[in-house]
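A.B. asks: Have a peek at coords_5.cif (mmCIF, N, CA, C and O atoms).
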data_work
#
loop_
_atom_site.label_atom_id
_atom_site.label_comp_id
_atom_site.auth_asym_id
_atom_site.auth_seq_id
_atom_site.Cartn_x
_atom_site.Cartn_y
_atom_site.Cartn_z
N LEU N 27 17.63 4.81 -29.31
CA LEU N 27 17.63 5.86 -28.30
C LEU N 27 16.52 5.57 -27.30
O LEU N 27 15.36 5.42 -27.67
N TRP N 28 16.91 5.46 -26.03
CA TRP N 28 15.94 5.21 -24.96
C TRP N 28 15.65 6.50 -24.24
O TRP N 28 16.55 7.25 -23.89
N LEU N 29 14.41 6.74 -24.00
CA LEU N 29 14.00 7.92 -23.25
C LEU N 29 13.41 7.49 -21.93
O LEU N 29 12.58 6.59 -21.87
N LEU N 30 13.84 8.13 -20.88
CA LEU N 30 13.26 7.85 -19.56
C LEU N 30 11.95 8.61 -19.43
O LEU N 30 11.83 9.72 -19.93
N PRO N 31 10.99 8.03 -18.79
CA PRO N 31 9.72 8.74 -18.62
C PRO N 31 9.90 9.98 -17.76
O PRO N 31 10.71 10.00 -16.84
N SER N 32 9.17 11.00 -18.10
CA SER N 32 9.24 12.22 -17.31
C SER N 32 8.58 11.99 -15.96
O SER N 32 7.87 11.02 -15.75
N ALA N 33 8.84 12.92 -15.06
CA ALA N 33 8.26 12.80 -13.72
C ALA N 33 6.74 12.76 -13.80
O ALA N 33 6.10 12.02 -13.07
N SER N 34 6.15 13.55 -14.70
CA SER N 34 4.69 13.57 -14.80
C SER N 34 4.16 12.23 -15.30
O SER N 34 3.11 11.78 -14.85
N VAL N 35 4.87 11.57 -16.20
CA VAL N 35 4.45 10.26 -16.68
C VAL N 35 4.52 9.26 -15.53
O VAL N 35 3.61 8.46 -15.34
N ALA N 36 5.60 9.32 -14.75
CA ALA N 36 5.74 8.42 -13.60
C ALA N 36 4.63 8.68 -12.58
O ALA N 36 4.08 7.73 -12.02
N GLN N 37 4.31 9.93 -12.35
CA GLN N 37 3.25 10.27 -11.40
C GLN N 37 1.89 9.77 -11.90
O GLN N 37 1.08 9.28 -11.13
N GLU N 38 1.66 9.89 -13.20
CA GLU N 38 0.41 9.41 -13.78
C GLU N 38 0.31 7.89 -13.65
O GLU N 38 -0.76 7.36 -13.35
N ALA N 39 1.42 7.21 -13.87
CA ALA N 39 1.43 5.75 -13.74
C ALA N 39 1.14 5.35 -12.30
O ALA N 39 0.36 4.42 -12.05
N LYS N 40 1.74 6.05 -11.34
CA LYS N 40 1.49 5.74 -9.93
C LYS N 40 0.03 5.99 -9.58
O LYS N 40 -0.60 5.20 -8.88
N ALA N 41 -0.52 7.08 -10.09
CA ALA N 41 -1.93 7.39 -9.83
C ALA N 41 -2.84 6.30 -10.38
O ALA N 41 -3.81 5.91 -9.74
N ALA N 42 -2.52 5.77 -11.56
CA ALA N 42 -3.32 4.70 -12.16
C ALA N 42 -3.26 3.44 -11.32
O ALA N 42 -4.27 2.77 -11.12
N VAL N 43 -2.07 3.10 -10.82
CA VAL N 43 -1.91 1.92 -9.98
C VAL N 43 -2.69 2.10 -8.69
O VAL N 43 -3.40 1.20 -8.24
N THR N 44 -2.56 3.27 -8.08
CA THR N 44 -3.26 3.56 -6.83
C THR N 44 -4.76 3.49 -7.03
O THR N 44 -5.49 2.94 -6.21
N GLU N 45 -5.22 4.02 -8.15
CA GLU N 45 -6.65 4.01 -8.45
C GLU N 45 -7.15 2.57 -8.62
O GLU N 45 -8.23 2.22 -8.17
N ALA N 46 -6.36 1.73 -9.28
CA ALA N 46 -6.75 0.35 -9.52
C ALA N 46 -6.73 -0.47 -8.23
O ALA N 46 -7.45 -1.45 -8.11
N LEU N 47 -5.88 -0.08 -7.29
CA LEU N 47 -5.76 -0.79 -6.03
C LEU N 47 -6.87 -0.35 -5.10
O LEU N 47 -7.07 0.84 -4.88
N ASP N 48 -7.59 -1.29 -4.57
CA ASP N 48 -8.61 -0.97 -3.58
C ASP N 48 -7.89 -0.74 -2.26
O ASP N 48 -7.52 -1.69 -1.58
N MET N 49 -7.64 0.52 -1.94
CA MET N 49 -6.82 0.86 -0.77
C MET N 49 -7.44 0.35 0.52
O MET N 49 -6.72 -0.09 1.41
N ALA N 50 -8.74 0.38 0.64
CA ALA N 50 -9.39 -0.09 1.87
C ALA N 50 -9.17 -1.60 2.05
O ALA N 50 -8.81 -2.06 3.14
N ALA N 51 -9.35 -2.35 0.97
CA ALA N 51 -9.15 -3.81 1.05
C ALA N 51 -7.68 -4.12 1.28
O ALA N 51 -7.34 -5.02 2.05
N ALA N 52 -6.80 -3.37 0.62
CA ALA N 52 -5.36 -3.60 0.79
C ALA N 52 -4.92 -3.28 2.21
O ALA N 52 -4.06 -3.97 2.77
N GLU N 53 -5.51 -2.25 2.81
CA GLU N 53 -5.18 -1.90 4.19
C GLU N 53 -5.58 -3.03 5.15
O GLU N 53 -4.87 -3.33 6.11
N VAL N 54 -6.69 -3.68 4.87
CA VAL N 54 -7.13 -4.81 5.69
C VAL N 54 -6.10 -5.94 5.60
O VAL N 54 -5.71 -6.53 6.61
N VAL N 55 -5.63 -6.24 4.39
CA VAL N 55 -4.61 -7.29 4.20
C VAL N 55 -3.34 -6.91 4.94
O VAL N 55 -2.75 -7.72 5.65
N PHE N 56 -2.91 -5.65 4.79
CA PHE N 56 -1.72 -5.16 5.50
C PHE N 56 -1.88 -5.31 7.01
O PHE N 56 -1.02 -5.86 7.69
N THR N 57 -2.99 -4.83 7.53
CA THR N 57 -3.22 -4.86 8.98
C THR N 57 -3.24 -6.29 9.49
O THR N 57 -2.58 -6.61 10.49
N LYS N 58 -3.97 -7.15 8.81
CA LYS N 58 -4.07 -8.56 9.21
C LYS N 58 -2.71 -9.25 9.17
O LYS N 58 -2.34 -9.98 10.08
N SER N 59 -1.95 -8.98 8.13
CA SER N 59 -0.70 -9.70 7.90
C SER N 59 0.49 -9.13 8.67
O SER N 59 1.34 -9.88 9.13
N CYS N 60 0.54 -7.83 8.80
CA CYS N 60 1.75 -7.19 9.32
C CYS N 60 1.67 -6.80 10.80
O CYS N 60 2.65 -6.94 11.52
N THR N 61 0.51 -6.33 11.22
CA THR N 61 0.44 -5.84 12.60
C THR N 61 0.21 -6.95 13.62
O THR N 61 0.10 -6.67 14.81
N SER N 62 0.18 -8.19 13.16
CA SER N 62 0.14 -9.28 14.13
C SER N 62 1.52 -9.48 14.77
O SER N 62 1.62 -10.06 15.84
N CYS N 63 2.57 -8.96 14.11
CA CYS N 63 3.94 -9.09 14.64
C CYS N 63 4.51 -7.76 15.14
O CYS N 63 5.37 -7.75 16.01
N HIS N 64 4.08 -6.66 14.55
CA HIS N 64 4.60 -5.35 14.97
C HIS N 64 3.54 -4.29 14.71
O HIS N 64 2.61 -4.50 13.93
N LYS N 65 3.69 -3.16 15.35
CA LYS N 65 2.74 -2.06 15.19
C LYS N 65 2.93 -1.38 13.83
O LYS N 65 4.02 -1.40 13.26
N ALA N 66 1.87 -0.79 13.35
CA ALA N 66 1.93 -0.05 12.08
C ALA N 66 2.91 1.11 12.18
O ALA N 66 3.48 1.53 11.17
N ASP N 67 3.13 1.62 13.38
CA ASP N 67 4.08 2.73 13.58
C ASP N 67 5.48 2.36 13.07
O ASP N 67 6.21 3.21 12.58
N LYS N 68 5.85 1.10 13.20
CA LYS N 68 7.16 0.65 12.74
C LYS N 68 7.27 0.81 11.22
O LYS N 68 8.31 1.21 10.70
N VAL N 69 6.19 0.52 10.51
CA VAL N 69 6.17 0.67 9.06
C VAL N 69 6.26 2.14 8.69
O VAL N 69 7.02 2.52 7.80
N GLU N 70 5.52 2.97 9.39
CA GLU N 70 5.55 4.41 9.11
C GLU N 70 6.94 4.98 9.40
O GLU N 70 7.44 5.81 8.64
N ALA N 71 7.59 4.52 10.45
CA ALA N 71 8.95 4.98 10.76
C ALA N 71 9.90 4.58 9.65
O ALA N 71 10.78 5.35 9.26
N HIS N 72 9.73 3.37 9.12
CA HIS N 72 10.56 2.92 8.00
C HIS N 72 10.34 3.82 6.79
O HIS N 72 11.30 4.20 6.10
N ALA N 73 9.10 4.17 6.54
CA ALA N 73 8.78 5.04 5.41
C ALA N 73 9.41 6.41 5.57
O ALA N 73 9.97 6.96 4.63
N LYS N 74 9.35 6.95 6.77
CA LYS N 74 9.93 8.28 7.02
C LYS N 74 11.45 8.26 6.93
O LYS N 74 12.06 9.27 6.61
N ALA N 75 12.06 7.10 7.19
CA ALA N 75 13.52 7.00 7.11
C ALA N 75 13.99 7.00 5.66
O ALA N 75 15.17 7.21 5.40
N GLY N 76 13.11 6.78 4.74
CA GLY N 76 13.46 6.78 3.32
C GLY N 76 13.63 5.37 2.80
O GLY N 76 14.19 4.51 3.47
N LEU N 77 13.13 5.15 1.59
CA LEU N 77 13.13 3.80 1.04
C LEU N 77 14.16 3.58 -0.05
O LEU N 77 14.19 2.53 -0.66
N ALA N 78 15.00 4.55 -0.32
CA ALA N 78 15.96 4.40 -1.41
C ALA N 78 16.86 3.20 -1.17
O ALA N 78 17.26 2.51 -2.11
N GLU N 79 17.17 2.93 0.07
CA GLU N 79 18.08 1.84 0.39
C GLU N 79 17.39 0.48 0.38
O GLU N 79 18.01 -0.54 0.11
N GLU N 80 16.11 0.44 0.71
CA GLU N 80 15.41 -0.84 0.79
C GLU N 80 13.95 -0.66 0.36
O GLU N 80 13.13 -0.19 1.13
N PRO N 81 13.64 -1.02 -0.89
CA PRO N 81 12.26 -0.85 -1.37
C PRO N 81 11.29 -1.78 -0.65
O PRO N 81 11.69 -2.78 -0.04
N TRP N 82 10.00 -1.47 -0.76
CA TRP N 82 8.98 -2.22 -0.03
C TRP N 82 8.96 -3.69 -0.37
O TRP N 82 8.73 -4.52 0.51
N ASP N 83 9.20 -4.06 -1.63
CA ASP N 83 9.17 -5.48 -1.95
C ASP N 83 10.27 -6.24 -1.20
O ASP N 83 10.08 -7.37 -0.77
N ALA N 84 11.42 -5.59 -1.01
CA ALA N 84 12.51 -6.23 -0.25
C ALA N 84 12.14 -6.34 1.23
O ALA N 84 12.48 -7.34 1.88
N VAL N 85 11.46 -5.35 1.76
CA VAL N 85 11.05 -5.37 3.17
C VAL N 85 10.07 -6.51 3.40
O VAL N 85 10.22 -7.30 4.35
N VAL N 86 9.06 -6.62 2.54
CA VAL N 86 8.06 -7.68 2.69
C VAL N 86 8.72 -9.05 2.51
O VAL N 86 8.45 -9.99 3.28
N LYS N 87 9.59 -9.17 1.54
CA LYS N 87 10.30 -10.44 1.31
C LYS N 87 11.11 -10.84 2.55
O LYS N 87 11.11 -12.00 2.96
N GLU N 88 11.77 -9.86 3.16
CA GLU N 88 12.54 -10.13 4.39
C GLU N 88 11.62 -10.61 5.51
O GLU N 88 11.97 -11.53 6.25
N MET N 89 10.47 -9.99 5.65
CA MET N 89 9.53 -10.39 6.70
C MET N 89 9.10 -11.85 6.51
O MET N 89 8.99 -12.60 7.48
N VAL N 90 8.91 -12.26 5.27
CA VAL N 90 8.48 -13.63 4.99
C VAL N 90 9.64 -14.61 5.14
O VAL N 90 9.53 -15.62 5.84
N GLU N 91 10.75 -14.31 4.47
CA GLU N 91 11.86 -15.27 4.41
C GLU N 91 12.72 -15.32 5.67
O GLU N 91 13.22 -16.38 6.03
N GLU N 92 12.89 -14.19 6.32
CA GLU N 92 13.79 -14.15 7.48
C GLU N 92 13.07 -14.07 8.82
O GLU N 92 13.60 -14.52 9.83
N LYS N 93 11.90 -13.48 8.81
CA LYS N 93 11.17 -13.31 10.07
C LYS N 93 10.03 -14.31 10.24
O LYS N 93 9.41 -14.37 11.28
N GLY N 94 9.76 -15.07 9.17
CA GLY N 94 8.74 -16.11 9.27
C GLY N 94 7.30 -15.67 9.13
O GLY N 94 6.39 -16.40 9.53
N ALA N 95 7.09 -14.48 8.58
CA ALA N 95 5.71 -14.01 8.39
C ALA N 95 4.97 -14.95 7.45
O ALA N 95 5.49 -15.36 6.42
N LYS N 96 3.78 -15.31 7.82
CA LYS N 96 2.95 -16.21 7.03
C LYS N 96 2.06 -15.38 6.11
O LYS N 96 0.91 -15.08 6.44
N ILE N 97 2.61 -14.98 4.98
CA ILE N 97 1.89 -14.13 4.03
C ILE N 97 1.92 -14.82 2.67
O ILE N 97 3.00 -15.15 2.17
N THR N 98 0.76 -15.02 2.08
CA THR N 98 0.70 -15.67 0.77
C THR N 98 1.35 -14.77 -0.29
O THR N 98 1.41 -13.55 -0.11
N PRO N 99 1.80 -15.36 -1.39
CA PRO N 99 2.38 -14.54 -2.47
C PRO N 99 1.41 -13.47 -2.98
O PRO N 99 1.82 -12.34 -3.25
N GLU N 100 0.15 -13.81 -3.08
CA GLU N 100 -0.85 -12.82 -3.53
C GLU N 100 -0.96 -11.67 -2.53
O GLU N 100 -1.00 -10.50 -2.92
N ASP N 101 -1.01 -11.99 -1.24
CA ASP N 101 -1.09 -10.94 -0.22
C ASP N 101 0.21 -10.12 -0.17
O ASP N 101 0.16 -8.91 0.09
N GLN N 102 1.33 -10.75 -0.43
CA GLN N 102 2.60 -10.00 -0.49
C GLN N 102 2.51 -8.92 -1.56
O GLN N 102 2.89 -7.77 -1.32
N LYS N 103 2.00 -9.26 -2.73
CA LYS N 103 1.86 -8.29 -3.82
C LYS N 103 0.93 -7.16 -3.42
O LYS N 103 1.19 -5.99 -3.70
N THR N 104 -0.18 -7.52 -2.77
CA THR N 104 -1.14 -6.51 -2.32
C THR N 104 -0.51 -5.58 -1.30
O THR N 104 -0.67 -4.35 -1.37
N ILE N 105 0.23 -6.14 -0.36
CA ILE N 105 0.88 -5.33 0.69
C ILE N 105 1.91 -4.40 0.07
O ILE N 105 1.96 -3.20 0.41
N VAL N 106 2.73 -4.90 -0.83
CA VAL N 106 3.75 -4.06 -1.49
C VAL N 106 3.06 -2.92 -2.25
O VAL N 106 3.47 -1.76 -2.13
N ALA N 107 2.03 -3.24 -3.01
CA ALA N 107 1.31 -2.20 -3.76
C ALA N 107 0.70 -1.16 -2.81
O ALA N 107 0.76 0.05 -3.07
N TYR N 108 0.14 -1.63 -1.72
CA TYR N 108 -0.45 -0.72 -0.72
C TYR N 108 0.62 0.19 -0.13
O TYR N 108 0.44 1.42 -0.06
N LEU N 109 1.74 -0.38 0.29
CA LEU N 109 2.80 0.43 0.91
C LEU N 109 3.40 1.41 -0.09
O LEU N 109 3.67 2.56 0.27
N GLU N 110 3.58 0.98 -1.32
CA GLU N 110 4.11 1.88 -2.35
C GLU N 110 3.13 3.03 -2.61
O GLU N 110 3.54 4.18 -2.73
N ALA N 111 1.85 2.71 -2.70
CA ALA N 111 0.85 3.75 -2.95
C ALA N 111 0.74 4.72 -1.76
O ALA N 111 0.61 5.92 -1.95
N LYS N 112 0.86 4.20 -0.57
CA LYS N 112 0.68 5.02 0.62
C LYS N 112 1.92 5.85 0.95
O LYS N 112 1.83 7.01 1.36
N TYR N 113 3.12 5.26 0.80
CA TYR N 113 4.32 5.91 1.31
C TYR N 113 5.33 6.37 0.28
O TYR N 113 6.28 7.05 0.64
N THR N 114 5.19 5.99 -0.97
CA THR N 114 6.18 6.40 -1.97
C THR N 114 5.69 7.65 -2.68
O THR N 114 4.56 7.71 -3.11
N ASN N 115 6.59 8.60 -2.81
CA ASN N 115 6.22 9.87 -3.46
C ASN N 115 6.08 9.73 -4.94
O ASN N 115 6.63 9.04 -5.63
#
How does the structure come out when it is put into structure tokens?

C.D. replies:
Amino acid sequence: LWLLPSASVAQEAKAAVTEALDMAAAEVVFTKSCTSCHKADKVEAHAKAGLAEEPWDAVVKEMVEEKGAKITPEDQKTIVAYLEAKYTN
């Protein structure tokens, strides 16, 4: 029997990840890597449109593979974690 985690467990897990992530340092990586091609407003608009259809890891992967963004794998992980912490409920 598999039990899905309750909403409170999921929220606690997200809080732990956010706490472990240095948001200030992650924001610097995001700004350096992402806003050289587009404004941060574009990211916020994407967040407001809802992410159910395209999660942040897919967005960052698309920027690298299809748009040619020069982002290291380590920075990609940092950016995804930052965006998830900042914009995912």

A.B. asks: Given 3 Å on each side, where is the centre and what are the edge lengths in Å to one decimal of the axis-aligned box enclosing the listed atoms of range 98-101 of chain N, as lines of an AutoDock Vina configuration file?

C.D. replies:
center_x = 0.6
center_y = -12.3
center_z = -0.7
size_x = 9.5
size_y = 12.8
size_z = 11.6

A.B. asks: Can you work out the spacing between CA of Glu53 in chain N and atom N of Glu92 in chain N in Å, to one decimal?

C.D. replies: 22.0 Å

A.B. asks: Figure out the distance between atom C of Gln102 in chain N and CA of Lys87 in chain N, please, to one decimal in Å.

C.D. replies: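 Distance reported for this atom pair: 8.4 Å.
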
A.B. asks: So what do you get for atom C of Ala73 in chain N versus CA of Thr98 in chain N, distance-wise?

C.D. replies: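 A separation of 24.2 Å between them.
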
A.B. asks: Using all atoms listed in the file, can you list as a ChimeraX atom specification the residues within 4.5 Å of (7.5, -0.3, -0.3)?

C.D. replies: /N:81-83,109-110

A.B. asks: Set the distance at 12 Å and use only C-alpha atoms: which residues neighbour Glu70 in chain N once local chain neighbours fewer than 6 positions away are removed? I'd like the list as a PDB file with N, CA, C and O atoms, keeping the file's coordinate frame.

C.D. replies:
ATOM      1  N   THR N  61       0.510  -6.330  11.220  1.00  0.00           N
ATOM      2  CA  THR N  61       0.440  -5.840  12.600  1.00  0.00           C
ATOM      3  C   THR N  61       0.210  -6.950  13.620  1.00  0.00           C
ATOM      4  O   THR N  61       0.100  -6.670  14.810  1.00  0.00           O
ATOM      5  N   HIS N  64       4.080  -6.660  14.550  1.00  0.00           N
ATOM      6  CA  HIS N  64       4.600  -5.350  14.970  1.00  0.00           C
ATOM      7  C   HIS N  64       3.540  -4.290  14.710  1.00  0.00           C
ATOM      8  O   HIS N  64       2.610  -4.500  13.930  1.00  0.00           O
ATOM      9  N   GLY N  76      13.110   6.780   4.740  1.00  0.00           N
ATOM     10  CA  GLY N  76      13.460   6.780   3.320  1.00  0.00           C
ATOM     11  C   GLY N  76      13.630   5.370   2.800  1.00  0.00           C
ATOM     12  O   GLY N  76      14.190   4.510   3.470  1.00  0.00           O
ATOM     13  N   LEU N  77      13.130   5.150   1.590  1.00  0.00           N
ATOM     14  CA  LEU N  77      13.130   3.800   1.040  1.00  0.00           C
ATOM     15  C   LEU N  77      14.160   3.580  -0.050  1.00  0.00           C
ATOM     16  O   LEU N  77      14.190   2.530  -0.660  1.00  0.00           O
ATOM     17  N   TRP N  82      10.000  -1.470  -0.760  1.00  0.00           N
ATOM     18  CA  TRP N  82       8.980  -2.220  -0.030  1.00  0.00           C
ATOM     19  C   TRP N  82       8.960  -3.690  -0.370  1.00  0.00           C
ATOM     20  O   TRP N  82       8.730  -4.520   0.510  1.00  0.00           O
ATOM     21  N   LEU N 109       1.740  -0.380   0.290  1.00  0.00           N
ATOM     22  CA  LEU N 109       2.800   0.430   0.910  1.00  0.00           C
ATOM     23  C   LEU N 109       3.400   1.410  -0.090  1.00  0.00           C
ATOM     24  O   LEU N 109       3.670   2.560   0.270  1.00  0.00           O
ATOM     25  N   GLU N 110       3.580   0.980  -1.320  1.00  0.00           N
ATOM     26  CA  GLU N 110       4.110   1.880  -2.350  1.00  0.00           C
ATOM     27  C   GLU N 110       3.130   3.030  -2.610  1.00  0.00           C
ATOM     28  O   GLU N 110       3.540   4.180  -2.730  1.00  0.00           O
ATOM     29  N   LYS N 112       0.860   4.200  -0.570  1.00  0.00           N
ATOM     30  CA  LYS N 112       0.680   5.020   0.620  1.00  0.00           C
ATOM     31  C   LYS N 112       1.920   5.850   0.950  1.00  0.00           C
ATOM     32  O   LYS N 112       1.830   7.010   1.360  1.00  0.00           O
ATOM     33  N   TYR N 113       3.120   5.260   0.800  1.00  0.00           N
ATOM     34  CA  TYR N 113       4.320   5.910   1.310  1.00  0.00           C
ATOM     35  C   TYR N 113       5.330   6.370   0.280  1.00  0.00           C
ATOM     36  O   TYR N 113       6.280   7.050   0.640  1.00  0.00           O
ATOM     37  N   THR N 114       5.190   5.990  -0.970  1.00  0.00           N
ATOM     38  CA  THR N 114       6.180   6.400  -1.970  1.00  0.00           C
ATOM     39  C   THR N 114       5.690   7.650  -2.680  1.00  0.00           C
ATOM     40  O   THR N 114       4.560   7.710  -3.110  1.00  0.00           O
TER      41      THR N 114
END

A.B. asks: Since the input lacks atoms, please generate all heavy atoms for range 98-108 of chain N and provide them as an mmCIF file, keeping the file's coordinate frame.

C.D. replies:
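Output file out.cif is given in full below:
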data_model
loop_
_atom_site.group_PDB
_atom_site.id
_atom_site.type_symbol
_atom_site.label_atom_id
_atom_site.label_comp_id
_atom_site.auth_asym_id
_atom_site.auth_seq_id
_atom_site.Cartn_x
_atom_site.Cartn_y
_atom_site.Cartn_z
ATOM 1 N N THR N 98 0.760 -15.020 2.080
ATOM 2 C CA THR N 98 0.700 -15.670 0.770
ATOM 3 C C THR N 98 1.350 -14.770 -0.290
ATOM 4 O O THR N 98 1.410 -13.550 -0.110
ATOM 5 C CB THR N 98 -0.755 -15.940 0.347
ATOM 6 O OG1 THR N 98 -1.407 -14.678 0.115
ATOM 7 C CG2 THR N 98 -1.512 -16.753 1.387
ATOM 8 N N PRO N 99 1.800 -15.360 -1.390
ATOM 9 C CA PRO N 99 2.380 -14.540 -2.470
ATOM 10 C C PRO N 99 1.410 -13.470 -2.980
ATOM 11 O O PRO N 99 1.820 -12.340 -3.250
ATOM 12 C CB PRO N 99 2.713 -15.562 -3.558
ATOM 13 C CG PRO N 99 2.975 -16.826 -2.800
ATOM 14 C CD PRO N 99 1.989 -16.790 -1.654
ATOM 15 N N GLU N 100 0.150 -13.810 -3.080
ATOM 16 C CA GLU N 100 -0.850 -12.820 -3.530
ATOM 17 C C GLU N 100 -0.960 -11.670 -2.530
ATOM 18 O O GLU N 100 -1.000 -10.500 -2.920
ATOM 19 C CB GLU N 100 -2.207 -13.503 -3.701
ATOM 20 C CG GLU N 100 -3.272 -12.569 -4.235
ATOM 21 C CD GLU N 100 -4.603 -13.272 -4.449
ATOM 22 O OE1 GLU N 100 -4.613 -14.472 -4.776
ATOM 23 O OE2 GLU N 100 -5.632 -12.594 -4.289
ATOM 24 N N ASP N 101 -1.010 -11.990 -1.240
ATOM 25 C CA ASP N 101 -1.090 -10.940 -0.220
ATOM 26 C C ASP N 101 0.210 -10.120 -0.170
ATOM 27 O O ASP N 101 0.160 -8.910 0.090
ATOM 28 C CB ASP N 101 -1.398 -11.535 1.152
ATOM 29 C CG ASP N 101 -2.866 -11.922 1.307
ATOM 30 O OD1 ASP N 101 -3.683 -11.598 0.408
ATOM 31 O OD2 ASP N 101 -3.200 -12.551 2.321
ATOM 32 N N GLN N 102 1.330 -10.750 -0.430
ATOM 33 C CA GLN N 102 2.600 -10.000 -0.490
ATOM 34 C C GLN N 102 2.510 -8.920 -1.560
ATOM 35 O O GLN N 102 2.890 -7.770 -1.320
ATOM 36 C CB GLN N 102 3.772 -10.933 -0.784
ATOM 37 C CG GLN N 102 4.129 -11.843 0.366
ATOM 38 C CD GLN N 102 5.232 -12.805 -0.006
ATOM 39 O OE1 GLN N 102 6.241 -12.425 -0.579
ATOM 40 N NE2 GLN N 102 5.047 -14.078 0.319
ATOM 41 N N LYS N 103 2.000 -9.260 -2.730
ATOM 42 C CA LYS N 103 1.860 -8.290 -3.820
ATOM 43 C C LYS N 103 0.930 -7.160 -3.420
ATOM 44 O O LYS N 103 1.190 -5.990 -3.700
ATOM 45 C CB LYS N 103 1.351 -8.975 -5.093
ATOM 46 C CG LYS N 103 2.367 -9.887 -5.728
ATOM 47 C CD LYS N 103 1.780 -10.583 -6.943
ATOM 48 C CE LYS N 103 2.722 -11.641 -7.466
ATOM 49 N NZ LYS N 103 2.134 -12.408 -8.567
ATOM 50 N N THR N 104 -0.180 -7.520 -2.770
ATOM 51 C CA THR N 104 -1.140 -6.510 -2.320
ATOM 52 C C THR N 104 -0.510 -5.580 -1.300
ATOM 53 O O THR N 104 -0.670 -4.350 -1.370
ATOM 54 C CB THR N 104 -2.387 -7.197 -1.718
ATOM 55 O OG1 THR N 104 -2.993 -8.004 -2.727
ATOM 56 C CG2 THR N 104 -3.387 -6.181 -1.192
ATOM 57 N N ILE N 105 0.230 -6.140 -0.360
ATOM 58 C CA ILE N 105 0.880 -5.330 0.690
ATOM 59 C C ILE N 105 1.910 -4.400 0.070
ATOM 60 O O ILE N 105 1.960 -3.200 0.410
ATOM 61 C CB ILE N 105 1.513 -6.237 1.764
ATOM 62 C CG1 ILE N 105 0.414 -6.953 2.549
ATOM 63 C CG2 ILE N 105 2.423 -5.443 2.697
ATOM 64 C CD1 ILE N 105 0.900 -8.123 3.387
ATOM 65 N N VAL N 106 2.730 -4.900 -0.830
ATOM 66 C CA VAL N 106 3.750 -4.060 -1.490
ATOM 67 C C VAL N 106 3.060 -2.920 -2.250
ATOM 68 O O VAL N 106 3.470 -1.760 -2.130
ATOM 69 C CB VAL N 106 4.654 -4.897 -2.417
ATOM 70 C CG1 VAL N 106 5.511 -3.998 -3.301
ATOM 71 C CG2 VAL N 106 5.534 -5.830 -1.597
ATOM 72 N N ALA N 107 2.030 -3.240 -3.010
ATOM 73 C CA ALA N 107 1.310 -2.200 -3.760
ATOM 74 C C ALA N 107 0.700 -1.160 -2.810
ATOM 75 O O ALA N 107 0.760 0.050 -3.070
ATOM 76 C CB ALA N 107 0.233 -2.830 -4.632
ATOM 77 N N TYR N 108 0.140 -1.630 -1.720
ATOM 78 C CA TYR N 108 -0.450 -0.720 -0.720
ATOM 79 C C TYR N 108 0.620 0.190 -0.130
ATOM 80 O O TYR N 108 0.440 1.420 -0.060
ATOM 81 C CB TYR N 108 -1.124 -1.549 0.380
ATOM 82 C CG TYR N 108 -1.523 -0.739 1.590
ATOM 83 C CD1 TYR N 108 -2.647 0.088 1.548
ATOM 84 C CD2 TYR N 108 -0.779 -0.788 2.773
ATOM 85 C CE1 TYR N 108 -3.020 0.831 2.658
ATOM 86 C CE2 TYR N 108 -1.156 -0.052 3.876
ATOM 87 C CZ TYR N 108 -2.270 0.768 3.823
ATOM 88 O OH TYR N 108 -2.634 1.511 4.899
#
